[in-house]
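Structure file query.tsv (TSV, C-alpha atoms and all ligand atoms) follows.
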chain	number	residue	atom	x	y	z
A	18	MET	CA	-51.55	-94.58	48.08
A	19	ILE	CA	-48.85	-96.16	45.95
A	20	THR	CA	-48.25	-99.69	47.14
A	21	GLN	CA	-45.44	-100.59	44.84
A	22	THR	CA	-43.12	-98.82	42.46
A	23	ARG	CA	-40.19	-100.41	40.71
A	24	THR	CA	-37.17	-98.18	40.42
A	25	ASP	CA	-34.70	-100.74	39.16
A	26	LEU	CA	-34.42	-99.05	35.81
A	27	GLU	CA	-30.94	-97.67	35.31
A	28	VAL	CA	-30.57	-93.96	35.95
A	29	SER	CA	-27.61	-91.83	34.98
A	30	HIS	CA	-25.71	-89.48	37.28
A	31	GLU	CA	-26.68	-86.58	35.00
A	32	GLU	CA	-30.36	-87.29	35.58
A	33	LEU	CA	-29.66	-87.35	39.30
A	34	GLY	CA	-27.63	-84.13	39.21
A	35	LEU	CA	-24.60	-85.77	40.86
A	36	SER	CA	-21.22	-84.09	40.29
A	37	LYS	CA	-18.02	-85.97	39.51
A	38	GLU	CA	-16.64	-85.18	42.97
A	39	THR	CA	-19.73	-86.52	44.73
A	40	LEU	CA	-19.64	-89.69	42.62
A	41	LEU	CA	-15.99	-90.25	43.46
A	42	GLU	CA	-16.71	-89.65	47.13
A	43	MET	CA	-19.46	-92.29	46.96
A	44	TYR	CA	-17.05	-94.66	45.26
A	45	TYR	CA	-14.38	-93.97	47.88
A	46	LYS	CA	-16.73	-94.78	50.76
A	47	MET	CA	-17.70	-98.07	49.12
A	48	LEU	CA	-14.05	-98.95	48.54
A	49	LEU	CA	-12.99	-97.92	52.05
A	50	SER	CA	-15.75	-100.01	53.57
A	51	ARG	CA	-14.84	-103.07	51.48
A	52	LYS	CA	-11.13	-102.87	52.32
A	53	LEU	CA	-11.78	-102.23	55.99
A	54	ASP	CA	-14.18	-105.15	56.11
A	55	GLU	CA	-11.71	-107.48	54.37
A	56	ARG	CA	-9.05	-106.47	56.88
A	57	MET	CA	-11.37	-107.33	59.77
A	58	TRP	CA	-11.75	-110.85	58.37
A	59	VAL	CA	-7.96	-111.13	58.30
A	60	LEU	CA	-7.63	-109.83	61.87
A	61	HIS	CA	-10.15	-112.44	62.93
A	62	ARG	CA	-8.29	-115.26	61.16
A	63	GLN	CA	-5.05	-114.03	62.77
A	64	GLY	CA	-6.72	-114.45	66.15
A	65	LYS	CA	-6.42	-110.75	66.93
A	66	VAL	CA	-10.14	-110.02	67.19
A	67	ALA	CA	-12.92	-112.23	68.52
A	68	PHE	CA	-15.69	-111.74	65.97
A	69	HIS	CA	-16.54	-110.11	62.68
A	70	ILE	CA	-19.82	-109.65	60.85
A	71	SER	CA	-19.54	-108.30	57.36
A	72	GLY	CA	-21.19	-105.78	55.07
A	73	ILE	CA	-19.42	-107.00	51.94
A	74	GLY	CA	-21.72	-106.87	48.92
A	75	GLN	CA	-24.18	-104.44	50.53
A	76	GLU	CA	-22.16	-101.24	50.09
A	77	ALA	CA	-24.26	-99.78	47.28
A	78	ALA	CA	-27.51	-100.20	49.19
A	79	GLN	CA	-26.01	-98.29	52.11
A	80	VAL	CA	-24.06	-95.55	50.33
A	81	GLY	CA	-26.95	-94.78	48.00
A	82	VAL	CA	-29.14	-94.02	51.02
A	83	ALA	CA	-26.50	-92.25	53.16
A	84	PHE	CA	-25.68	-89.67	50.51
A	85	ASN	CA	-29.23	-88.35	50.73
A	86	LEU	CA	-29.01	-87.61	54.45
A	87	LYS	CA	-27.81	-84.69	56.56
A	88	PRO	CA	-25.32	-86.29	58.96
A	89	GLY	CA	-25.78	-85.16	62.55
A	90	TYR	CA	-29.23	-83.74	61.74
A	91	ASP	CA	-31.09	-86.79	60.51
A	92	TRP	CA	-31.18	-89.92	62.69
A	93	VAL	CA	-29.93	-93.33	61.67
A	94	HIS	CA	-30.61	-96.59	63.52
A	95	PRO	CA	-28.49	-99.04	61.54
A	96	TYR	CA	-27.86	-102.77	61.75
A	97	TYR	CA	-24.70	-104.82	61.92
A	98	ARG	CA	-23.88	-104.87	58.18
A	99	ASP	CA	-23.96	-101.09	57.80
A	100	MET	CA	-20.25	-100.31	57.73
A	101	ALA	CA	-20.48	-98.34	54.46
A	102	LEU	CA	-23.53	-96.48	55.76
A	103	VAL	CA	-21.86	-95.25	58.94
A	104	LEU	CA	-18.59	-94.44	57.13
A	105	SER	CA	-20.58	-92.33	54.67
A	106	LEU	CA	-22.18	-90.45	57.56
A	107	GLY	CA	-18.78	-89.57	59.03
A	108	MET	CA	-17.64	-92.42	61.26
A	109	GLU	CA	-13.98	-93.22	60.67
A	110	PRO	CA	-12.09	-96.52	60.26
A	111	ARG	CA	-10.47	-95.81	63.60
A	112	HIS	CA	-13.88	-95.74	65.34
A	113	LEU	CA	-14.83	-99.10	63.86
A	114	MET	CA	-11.47	-100.68	64.67
A	115	LEU	CA	-11.74	-99.51	68.28
A	116	ALA	CA	-15.02	-101.42	68.49
A	117	VAL	CA	-13.64	-104.58	66.86
A	118	PHE	CA	-10.76	-104.58	69.33
A	119	GLY	CA	-13.20	-103.83	72.19
A	120	LYS	CA	-11.31	-100.76	73.40
A	121	ARG	CA	-12.29	-98.19	75.97
A	122	GLU	CA	-12.42	-95.38	73.42
A	123	ASP	CA	-14.86	-97.26	71.13
A	124	PRO	CA	-17.51	-94.59	70.43
A	125	SER	CA	-20.27	-97.15	69.94
A	126	SER	CA	-20.19	-98.54	73.47
A	127	GLY	CA	-16.82	-98.12	75.16
A	128	GLY	CA	-16.01	-101.76	74.38
A	129	ARG	CA	-19.23	-103.10	75.93
A	130	GLN	CA	-21.06	-104.22	72.81
A	131	MET	CA	-20.28	-106.77	70.15
A	132	PRO	CA	-18.55	-105.11	67.18
A	133	ALA	CA	-20.75	-103.76	64.38
A	134	HIS	CA	-23.34	-102.41	66.80
A	135	PHE	CA	-22.56	-99.01	65.36
A	136	GLY	CA	-23.36	-95.91	67.39
A	137	TYR	CA	-22.04	-92.35	67.41
A	138	ARG	CA	-23.78	-89.67	69.41
A	139	ARG	CA	-22.47	-86.66	67.49
A	140	LEU	CA	-23.77	-88.10	64.23
A	141	ASN	CA	-27.17	-89.21	65.61
A	142	ILE	CA	-26.28	-92.84	64.92
A	143	VAL	CA	-28.12	-94.95	67.46
A	144	ALA	CA	-26.46	-98.21	68.51
A	145	GLY	CA	-28.75	-101.21	68.25
A	146	THR	CA	-28.97	-104.27	70.42
A	147	SER	CA	-28.41	-107.83	69.22
A	148	PRO	CA	-32.04	-109.06	69.00
A	149	VAL	CA	-32.81	-108.40	65.35
A	150	ALA	CA	-35.54	-105.89	64.39
A	151	THR	CA	-35.65	-104.09	67.75
A	152	GLN	CA	-34.34	-100.99	65.97
A	153	ILE	CA	-37.49	-100.80	63.84
A	154	PRO	CA	-40.07	-99.68	66.46
A	155	GLN	CA	-37.35	-97.59	68.11
A	156	ALA	CA	-36.79	-95.73	64.83
A	157	ALA	CA	-40.54	-95.14	64.57
A	158	GLY	CA	-40.37	-93.68	68.09
A	159	ILE	CA	-37.53	-91.33	67.12
A	160	ALA	CA	-39.55	-90.24	64.09
A	161	LEU	CA	-42.57	-89.59	66.30
A	162	ALA	CA	-40.46	-87.39	68.57
A	163	ALA	CA	-39.19	-85.44	65.54
A	164	LYS	CA	-42.73	-84.96	64.31
A	165	LEU	CA	-44.00	-83.78	67.69
A	166	ARG	CA	-41.13	-81.28	67.86
A	167	GLY	CA	-42.02	-80.00	64.39
A	168	GLU	CA	-38.60	-80.83	62.97
A	169	ASP	CA	-38.05	-81.87	59.36
A	170	THR	CA	-35.67	-84.60	60.41
A	171	VAL	CA	-35.63	-87.91	58.56
A	172	VAL	CA	-35.03	-91.20	60.36
A	173	VAL	CA	-33.52	-94.18	58.57
A	174	THR	CA	-33.45	-97.65	60.00
A	175	SER	CA	-32.11	-100.72	58.25
A	176	PHE	CA	-32.40	-104.48	58.63
A	177	GLY	CA	-32.26	-107.71	56.68
A	178	GLU	CA	-35.21	-109.48	55.08
A	179	GLY	CA	-35.19	-112.16	57.79
A	180	SER	CA	-35.86	-109.44	60.34
A	181	THR	CA	-39.16	-108.63	58.62
A	182	SER	CA	-40.61	-111.85	60.08
A	183	GLU	CA	-40.24	-110.43	63.58
A	184	GLY	CA	-43.17	-108.82	65.39
A	185	ASP	CA	-41.12	-105.66	65.87
A	186	PHE	CA	-41.09	-105.06	62.12
A	187	HIS	CA	-44.88	-105.18	61.87
A	188	GLU	CA	-45.50	-103.08	64.95
A	189	GLY	CA	-42.95	-100.46	63.89
A	190	LEU	CA	-44.34	-100.12	60.37
A	191	ASN	CA	-47.93	-100.11	61.53
A	192	TRP	CA	-47.26	-97.27	63.95
A	193	ALA	CA	-45.27	-95.28	61.39
A	194	GLY	CA	-48.02	-95.76	58.81
A	195	ILE	CA	-50.83	-94.64	61.12
A	196	HIS	CA	-48.99	-91.51	62.24
A	197	ARG	CA	-47.35	-90.78	58.87
A	198	LEU	CA	-43.93	-90.62	60.47
A	199	PRO	CA	-40.82	-89.35	58.67
A	200	VAL	CA	-39.01	-92.66	58.57
A	201	ILE	CA	-37.42	-94.78	55.87
A	202	PHE	CA	-37.38	-98.49	56.49
A	203	LEU	CA	-34.44	-99.80	54.49
A	204	CYS	CA	-34.52	-103.55	53.99
A	205	GLU	CA	-31.19	-104.87	52.72
A	206	ASN	CA	-32.54	-108.06	51.26
A	207	ASN	CA	-29.47	-110.29	50.92
A	208	GLN	CA	-31.57	-113.44	50.35
A	209	TYR	CA	-30.61	-115.30	53.54
A	210	ALA	CA	-31.14	-115.06	57.28
A	211	ILE	CA	-28.03	-117.00	58.28
A	212	SER	CA	-28.87	-120.36	56.61
A	213	VAL	CA	-32.57	-119.68	55.98
A	214	PRO	CA	-33.37	-118.69	52.37
A	215	LEU	CA	-36.01	-116.15	51.50
A	216	ASP	CA	-38.71	-118.64	50.47
A	217	GLN	CA	-38.57	-120.26	53.90
A	218	GLN	CA	-38.87	-116.84	55.52
A	219	MET	CA	-41.99	-115.36	53.96
A	220	ALA	CA	-44.89	-116.33	51.73
A	221	VAL	CA	-44.73	-113.22	49.53
A	222	GLU	CA	-42.16	-112.61	46.83
A	223	ASN	CA	-40.96	-109.21	47.94
A	224	VAL	CA	-40.49	-107.55	51.32
A	225	ALA	CA	-41.89	-104.41	49.67
A	226	ASP	CA	-45.22	-106.24	49.21
A	227	ARG	CA	-45.68	-105.99	52.95
A	228	ALA	CA	-45.84	-102.17	52.83
A	229	ALA	CA	-49.42	-102.27	51.54
A	230	GLY	CA	-50.54	-103.64	54.90
A	231	TYR	CA	-49.31	-100.49	56.61
A	232	GLY	CA	-50.44	-97.85	54.13
A	233	MET	CA	-47.06	-96.81	52.84
A	234	PRO	CA	-45.23	-97.14	49.52
A	235	GLY	CA	-43.14	-100.27	49.12
A	236	VAL	CA	-40.30	-99.62	46.70
A	237	ILE	CA	-38.04	-102.25	45.17
A	238	VAL	CA	-34.63	-101.26	43.98
A	239	ASP	CA	-31.55	-103.04	42.63
A	240	GLY	CA	-29.43	-102.90	45.76
A	241	ASN	CA	-26.20	-103.48	43.84
A	242	ASP	CA	-26.69	-100.32	41.78
A	243	VAL	CA	-25.69	-97.35	43.90
A	244	LEU	CA	-27.30	-94.80	41.59
A	245	ALA	CA	-30.61	-96.65	41.53
A	246	VAL	CA	-30.58	-96.77	45.33
A	247	PHE	CA	-29.65	-93.09	45.53
A	248	HIS	CA	-32.58	-92.26	43.27
A	249	ALA	CA	-35.12	-94.30	45.23
A	250	ALA	CA	-33.86	-93.06	48.58
A	251	ARG	CA	-34.03	-89.46	47.43
A	252	GLN	CA	-37.72	-89.80	46.72
A	253	ALA	CA	-38.29	-91.38	50.14
A	254	VAL	CA	-36.34	-88.58	51.86
A	255	ILE	CA	-38.30	-85.87	50.04
A	256	ARG	CA	-41.53	-87.59	51.06
A	257	ALA	CA	-40.50	-87.86	54.69
A	258	ARG	CA	-39.26	-84.26	54.97
A	259	ALA	CA	-42.47	-82.98	53.41
A	260	GLY	CA	-44.53	-84.71	56.12
A	261	GLN	CA	-45.96	-87.28	53.72
A	262	GLY	CA	-44.94	-90.25	55.81
A	263	PRO	CA	-42.83	-93.39	55.73
A	264	THR	CA	-41.49	-95.57	52.92
A	265	LEU	CA	-40.42	-99.19	52.90
A	266	LEU	CA	-37.42	-99.41	50.59
A	267	GLU	CA	-36.29	-102.90	49.63
A	268	ALA	CA	-32.79	-103.10	48.19
A	269	LYS	CA	-32.29	-106.49	46.56
A	270	THR	CA	-28.74	-107.58	47.14
A	271	TYR	CA	-26.63	-110.54	48.26
A	272	ARG	CA	-24.17	-111.51	50.98
A	273	PRO	CA	-21.27	-113.17	49.13
A	274	VAL	CA	-19.45	-114.06	52.37
A	275	PRO	CA	-20.54	-116.21	55.33
A	276	HIS	CA	-23.04	-114.75	57.79
A	277	SER	CA	-20.26	-114.01	60.27
A	278	SER	CA	-16.76	-115.12	61.17
A	279	ASP	CA	-18.40	-118.12	62.91
A	280	ASP	CA	-20.48	-119.46	60.00
A	281	ASP	CA	-19.70	-121.86	57.15
A	282	ASP	CA	-22.01	-120.99	54.26
A	283	ARG	CA	-20.93	-124.04	52.20
A	284	SER	CA	-23.41	-126.05	54.25
A	285	TYR	CA	-26.46	-124.24	52.87
A	286	ARG	CA	-25.70	-122.78	49.41
A	287	SER	CA	-23.78	-123.67	46.27
A	288	ARG	CA	-20.52	-122.07	45.16
A	289	GLU	CA	-22.12	-121.48	41.73
A	290	GLU	CA	-24.78	-119.31	43.31
A	291	VAL	CA	-22.20	-117.28	45.22
A	292	MET	CA	-20.04	-116.88	42.11
A	293	SER	CA	-22.98	-115.69	40.03
A	294	TRP	CA	-23.61	-112.89	42.53
A	295	LYS	CA	-19.94	-111.99	42.80
A	296	LYS	CA	-20.12	-111.08	39.11
A	297	ARG	CA	-22.71	-108.47	40.08
A	298	ASP	CA	-20.47	-106.93	42.74
A	299	PRO	CA	-21.68	-103.38	43.48
A	300	ILE	CA	-18.19	-101.86	43.58
A	301	LEU	CA	-17.06	-103.39	40.30
A	302	ARG	CA	-20.31	-102.30	38.77
A	303	PHE	CA	-19.93	-98.69	39.89
A	304	GLU	CA	-16.28	-98.70	38.85
A	305	THR	CA	-17.27	-99.80	35.34
A	306	TYR	CA	-19.93	-97.10	35.21
A	307	LEU	CA	-17.47	-94.40	36.26
A	308	GLU	CA	-14.82	-95.58	33.81
A	309	GLU	CA	-17.26	-95.76	30.93
A	310	HIS	CA	-18.35	-92.20	31.64
A	311	GLY	CA	-14.75	-90.94	31.78
A	312	LEU	CA	-15.08	-90.11	35.48
A	313	LEU	CA	-12.50	-92.50	36.92
A	314	ARG	CA	-9.07	-93.12	35.49
A	315	THR	CA	-6.61	-95.79	36.57
A	316	GLU	CA	-4.33	-93.35	38.40
A	317	ARG	CA	-7.15	-91.87	40.45
A	318	ARG	CA	-8.46	-95.33	41.28
A	319	GLU	CA	-5.05	-96.48	42.47
A	320	GLU	CA	-4.60	-93.29	44.47
A	321	MET	CA	-7.93	-93.86	46.22
A	322	LEU	CA	-7.01	-97.46	46.98
A	323	GLU	CA	-3.71	-96.34	48.52
A	324	ARG	CA	-5.49	-93.69	50.57
A	325	ALA	CA	-7.97	-96.28	51.86
A	326	MET	CA	-5.22	-98.74	52.79
A	327	ALA	CA	-3.27	-96.01	54.60
A	328	GLU	CA	-6.38	-94.98	56.58
A	329	ILE	CA	-6.97	-98.61	57.54
A	330	ASP	CA	-3.35	-99.25	58.57
A	331	GLU	CA	-3.45	-96.16	60.73
A	332	ALA	CA	-6.77	-97.24	62.29
A	333	ILE	CA	-5.34	-100.63	63.22
A	334	ARG	CA	-2.18	-99.12	64.68
A	335	TYR	CA	-4.28	-96.75	66.75
A	336	ALA	CA	-6.79	-99.32	67.96
A	337	GLU	CA	-4.21	-101.98	68.81
A	338	SER	CA	-2.33	-99.63	71.06
A	339	ALA	CA	-5.42	-97.99	72.63
A	340	SER	CA	-6.34	-98.80	76.26
A	341	ASP	CA	-8.65	-101.65	77.14
A	342	PRO	CA	-11.74	-100.87	79.20
A	343	ASP	CA	-11.15	-100.92	82.93
A	344	PRO	CA	-12.97	-103.95	84.45
A	345	GLU	CA	-13.90	-101.69	87.38
A	346	GLU	CA	-16.02	-99.64	84.95
A	347	ALA	CA	-17.83	-102.60	83.39
A	348	LEU	CA	-21.19	-101.69	84.90
A	349	GLY	CA	-20.59	-97.97	84.40
A	350	PRO	CA	-22.35	-96.09	81.64
A	351	VAL	CA	-24.45	-98.96	80.35
A	352	TRP	CA	-27.62	-96.89	80.43
A	353	GLY	CA	-26.00	-93.47	80.82
A	354	PRO	CA	-23.72	-91.52	78.50
A	355	VAL	CA	-21.11	-93.40	76.52
A	356	PRO	CA	-17.75	-91.71	75.83
A	357	GLU	CA	-17.97	-88.89	73.26
B	1	LIG	C1	-34.63	-111.94	67.89
B	1	LIG	C2	-33.42	-112.63	67.33
B	1	LIG	N1	-33.54	-113.88	66.82
B	1	LIG	C3	-32.46	-114.49	66.32
B	1	LIG	C4	-31.23	-113.89	66.32
B	1	LIG	C5	-30.02	-114.58	65.72
B	1	LIG	N2	-29.71	-113.94	64.45
B	1	LIG	C6	-28.74	-113.01	64.35
B	1	LIG	S1	-28.61	-112.39	62.79
B	1	LIG	C7	-29.84	-113.40	62.23
B	1	LIG	C8	-30.26	-113.36	60.78
B	1	LIG	C9	-30.96	-112.14	60.41
B	1	LIG	O1	-31.21	-112.19	59.03
B	1	LIG	P1	-31.56	-110.91	58.21
B	1	LIG	O2	-32.52	-110.08	58.96
B	1	LIG	O3	-31.94	-111.32	56.85
B	1	LIG	O4	-30.18	-110.09	58.19
B	1	LIG	P2	-28.80	-110.50	57.50
B	1	LIG	O5	-27.95	-111.08	58.58
B	1	LIG	O6	-29.09	-111.46	56.43
B	1	LIG	O7	-28.23	-109.23	56.99
B	1	LIG	C10	-30.36	-114.18	63.25
B	1	LIG	C11	-31.42	-115.17	63.09
B	1	LIG	C12	-31.14	-112.60	66.88
B	1	LIG	N3	-29.99	-111.92	66.92
B	1	LIG	N4	-32.24	-111.98	67.36
B	2	MG	MG	-30.74	-111.48	55.13

Represent the structure of the file as structure tokens.
Amino acid sequence: MITQTRTDLEVSHEELGLSKETLLEMYYKMLLSRKLDERMWVLHRQGKVAFHISGIGQEAAQVGVAFNLKPGYDWVHPYYRDMALVLSLGMEPRHLMLAVFGKREDPSSGGRQMPAHFGYRRLNIVAGTSPVATQIPQAAGIALAAKLRGEDTVVVTSFGEGSTSEGDFHEGLNWAGIHRLPVIFLCENNQYAISVPLDQQMAVENVADRAAGYGMPGVIVDGNDVLAVFHAARQAVIRARAGQGPTLLEAKTYRPVPHSSDDDDRSYRSREEVMSWKKRDPILRFETYLEEHGLLRTERREEMLERAMAEIDEAIRYAESASDPDPEEALGPVWGPVPE
């Protein structure tokens, strides 16, 4: 059993067999997610929406995994920073805006959940609950069901490094390890759990080190390098589909914005630290890669930016004018079906 492999060596798109169109699609999803996320911050500051929790800085970790999956066939149990992940699987800006505005048509919960509790039945995206790490044993359960049914489905669940201190993490991984379940545990290690830094969270250096305790590979990858993540996730997906069991994939990344719209990160970390990570921004990094390889020219980049902004404007227009949930229905489909 491999307990640790480092895959943070740079890999090229040629080695990965990725076409120009696929690379540009990956880039577009990262860009769309970033711009949509930034707009949600603005809507919050304008007093139009009550709360926002951001995935800025973590787009590469999410897109690199998503592009290995079969949307609507595989199962994904994400966490609240996974905007780029769910957009890559097929959710649309409109769906996410409906949730932020708490509208009746919100596919995640019909306006019953906090925003960023992403769910979409048709895409097998399972909405989580707010207690962190609860998605981890649930994902192991979904993977067990797939295994019992003899399907070659892969389950992905994601969480932050702080969540790996919860009992749910250990129980979920233990179970998946014993039964060799087809699940990928994606830890988006952004160095902080709100104000708590990594070294106050665990006594080992890497989250991936914990995999050894559950008999599965623990893989560390540069979470700001979308191709490195794609590469590592592909190996984990192949493993899971072949019935070889789970993988703990740790994507090292950073949250360059406050924890949520209600947090002031100046109270627990220096501006120098934040700036040093901003220089390693995953989107800028991918953009540079694409430009250097002659795959992205200025015109195409500007065209994609315009397309993203138009999609976002349209999503806001739609969500703002959509109907609010009816208070009479508040206790309606809490446990039953949510709107399609
Ligand atoms: C069981 C539980 N404890 C505490 C909280 C409050 N809380 C919400 S997010 C968060 C930090 C989680 O950190 P991490 O897992 O690293 O994810 P990140 O937000 O950094 O992406 C905490 C403590 C919660 N939601 N659930
Ligand atoms: Mg964290």

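With distances restricted to only C-alpha atoms, A:His69 is the closest residue to Ala133 (chain A) from A:Lys87, A:Arg288, A:Arg251, A:His69.
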
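The interatomic distance for the pair CA of Arg324 (chain A) and CA of Leu104 (chain A) works out to 14.7 Å.
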
Starting from 4 Å padding per side, set up an axis-aligned box that covers all listed atoms of region 61-70 of chain A and hand over centre and edge lengths in Å, one decimal, as lines of an AutoDock Vina configuration file.
center_x = -12.4
center_y = -112.5
center_z = 64.7
size_x = 22.8
size_y = 13.6
size_z = 15.7

Closest pair table for region 44-141 of chain A residues within 12 Å of region 29-37 of chain A, only C-alpha atoms, as a Markdown table:
| residue | atom | partner | partner_atom | distance |
| --- | --- | --- | --- | --- |
| A:Tyr44 | CA | A:Lys37 | CA | 10.5 |
| A:Gly81 | CA | A:Leu35 | CA | 11.7 |
| A:Phe84 | CA | A:Leu35 | CA | 10.5 |
| A:Asn85 | CA | A:Leu35 | CA | 11.2 |

Pairwise distance for CA of Val221 (chain A) and atom MG of ligand MG 2 (chain B), rounded to one decimal in Å: 15.2 Å

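Counting from CA of Gly119 (chain A), the distance to CA of Ser147 (chain A) is 16.0 Å.
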
Cut-off 12 Å, all atoms listed in the file, neighbours of ligand MG 2 (chain B) as a ChimeraX atom specification: /A:71-72,74-75,96-98,149-150,175-182,204-219,224,267-277

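Residue nearest ligand LIG 1 (chain B), chosen from A:Lys164, A:His134, A:Arg62, A:His248 and counting all atoms listed in the file: A:His134.
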
Residue with smallest distance to Ser338 (chain A) - pool A:Met321, A:Leu115, A:Ala245, A:Leu40, counting only C-alpha atoms: A:Leu115

Protein, DNA and RNA residues within 6 Å of (-38.4, -87.4, 58.7), all atoms listed in the file, as a ChimeraX atom specification: /A:169-172,199-200,257-258

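Using only C-alpha atoms and all ligand atoms, the shortest contact distance between ligand LIG 1 (chain B) and any of A:Gly167, A:Gly136, A:Gly184, A:Gly64 is found at A:Gly184.
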
Final N, CA, C and O atoms of region 48-61 of chain A as a PDB file, in the frame of the given file:
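So out-v8.pdb came out as:
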ATOM      1  N   LEU A  48     -15.362 -98.297  48.578  1.00  0.00           N
ATOM      2  CA  LEU A  48     -14.050 -98.950  48.540  1.00  0.00           C
ATOM      3  C   LEU A  48     -13.460 -99.047  49.949  1.00  0.00           C
ATOM      4  O   LEU A  48     -12.964-100.107  50.368  1.00  0.00           O
ATOM      5  N   LEU A  49     -13.527 -97.954  50.686  1.00  0.00           N
ATOM      6  CA  LEU A  49     -12.990 -97.920  52.050  1.00  0.00           C
ATOM      7  C   LEU A  49     -13.673 -98.977  52.913  1.00  0.00           C
ATOM      8  O   LEU A  49     -13.035 -99.719  53.660  1.00  0.00           O
ATOM      9  N   SER A  50     -14.986 -99.042  52.787  1.00  0.00           N
ATOM     10  CA  SER A  50     -15.750-100.010  53.570  1.00  0.00           C
ATOM     11  C   SER A  50     -15.335-101.436  53.219  1.00  0.00           C
ATOM     12  O   SER A  50     -15.106-102.279  54.094  1.00  0.00           O
ATOM     13  N   ARG A  51     -15.196-101.719  51.933  1.00  0.00           N
ATOM     14  CA  ARG A  51     -14.840-103.070  51.480  1.00  0.00           C
ATOM     15  C   ARG A  51     -13.462-103.470  52.021  1.00  0.00           C
ATOM     16  O   ARG A  51     -13.276-104.571  52.543  1.00  0.00           O
ATOM     17  N   LYS A  52     -12.512-102.545  51.908  1.00  0.00           N
ATOM     18  CA  LYS A  52     -11.130-102.870  52.320  1.00  0.00           C
ATOM     19  C   LYS A  52     -11.037-103.002  53.838  1.00  0.00           C
ATOM     20  O   LYS A  52     -10.318-103.855  54.353  1.00  0.00           O
ATOM     21  N   LEU A  53     -11.769-102.165  54.528  1.00  0.00           N
ATOM     22  CA  LEU A  53     -11.780-102.230  55.990  1.00  0.00           C
ATOM     23  C   LEU A  53     -12.400-103.553  56.459  1.00  0.00           C
ATOM     24  O   LEU A  53     -11.906-104.227  57.368  1.00  0.00           O
ATOM     25  N   ASP A  54     -13.465-103.906  55.795  1.00  0.00           N
ATOM     26  CA  ASP A  54     -14.180-105.150  56.110  1.00  0.00           C
ATOM     27  C   ASP A  54     -13.274-106.357  55.855  1.00  0.00           C
ATOM     28  O   ASP A  54     -13.141-107.255  56.704  1.00  0.00           O
ATOM     29  N   GLU A  55     -12.616-106.362  54.697  1.00  0.00           N
ATOM     30  CA  GLU A  55     -11.710-107.480  54.370  1.00  0.00           C
ATOM     31  C   GLU A  55     -10.616-107.594  55.432  1.00  0.00           C
ATOM     32  O   GLU A  55     -10.235-108.684  55.836  1.00  0.00           O
ATOM     33  N   ARG A  56     -10.120-106.451  55.882  1.00  0.00           N
ATOM     34  CA  ARG A  56      -9.050-106.470  56.880  1.00  0.00           C
ATOM     35  C   ARG A  56      -9.555-107.040  58.208  1.00  0.00           C
ATOM     36  O   ARG A  56      -8.824-107.721  58.921  1.00  0.00           O
ATOM     37  N   MET A  57     -10.812-106.773  58.525  1.00  0.00           N
ATOM     38  CA  MET A  57     -11.370-107.330  59.770  1.00  0.00           C
ATOM     39  C   MET A  57     -11.443-108.848  59.705  1.00  0.00           C
ATOM     40  O   MET A  57     -11.217-109.528  60.702  1.00  0.00           O
ATOM     41  N   TRP A  58     -11.765-109.382  58.528  1.00  0.00           N
ATOM     42  CA  TRP A  58     -11.750-110.850  58.370  1.00  0.00           C
ATOM     43  C   TRP A  58     -10.347-111.380  58.654  1.00  0.00           C
ATOM     44  O   TRP A  58     -10.171-112.389  59.340  1.00  0.00           O
ATOM     45  N   VAL A  59      -9.349-110.689  58.101  1.00  0.00           N
ATOM     46  CA  VAL A  59      -7.960-111.130  58.300  1.00  0.00           C
ATOM     47  C   VAL A  59      -7.595-111.073  59.783  1.00  0.00           C
ATOM     48  O   VAL A  59      -7.023-112.016  60.342  1.00  0.00           O
ATOM     49  N   LEU A  60      -7.943-109.966  60.436  1.00  0.00           N
ATOM     50  CA  LEU A  60      -7.630-109.830  61.870  1.00  0.00           C
ATOM     51  C   LEU A  60      -8.275-110.951  62.668  1.00  0.00           C
ATOM     52  O   LEU A  60      -7.701-111.463  63.617  1.00  0.00           O
ATOM     53  N   HIS A  61      -9.482-111.330  62.245  1.00  0.00           N
ATOM     54  CA  HIS A  61     -10.150-112.440  62.930  1.00  0.00           C
ATOM     55  C   HIS A  61      -9.386-113.742  62.708  1.00  0.00           C
ATOM     56  O   HIS A  61      -9.118-114.497  63.637  1.00  0.00           O
TER      57      HIS A  61
END
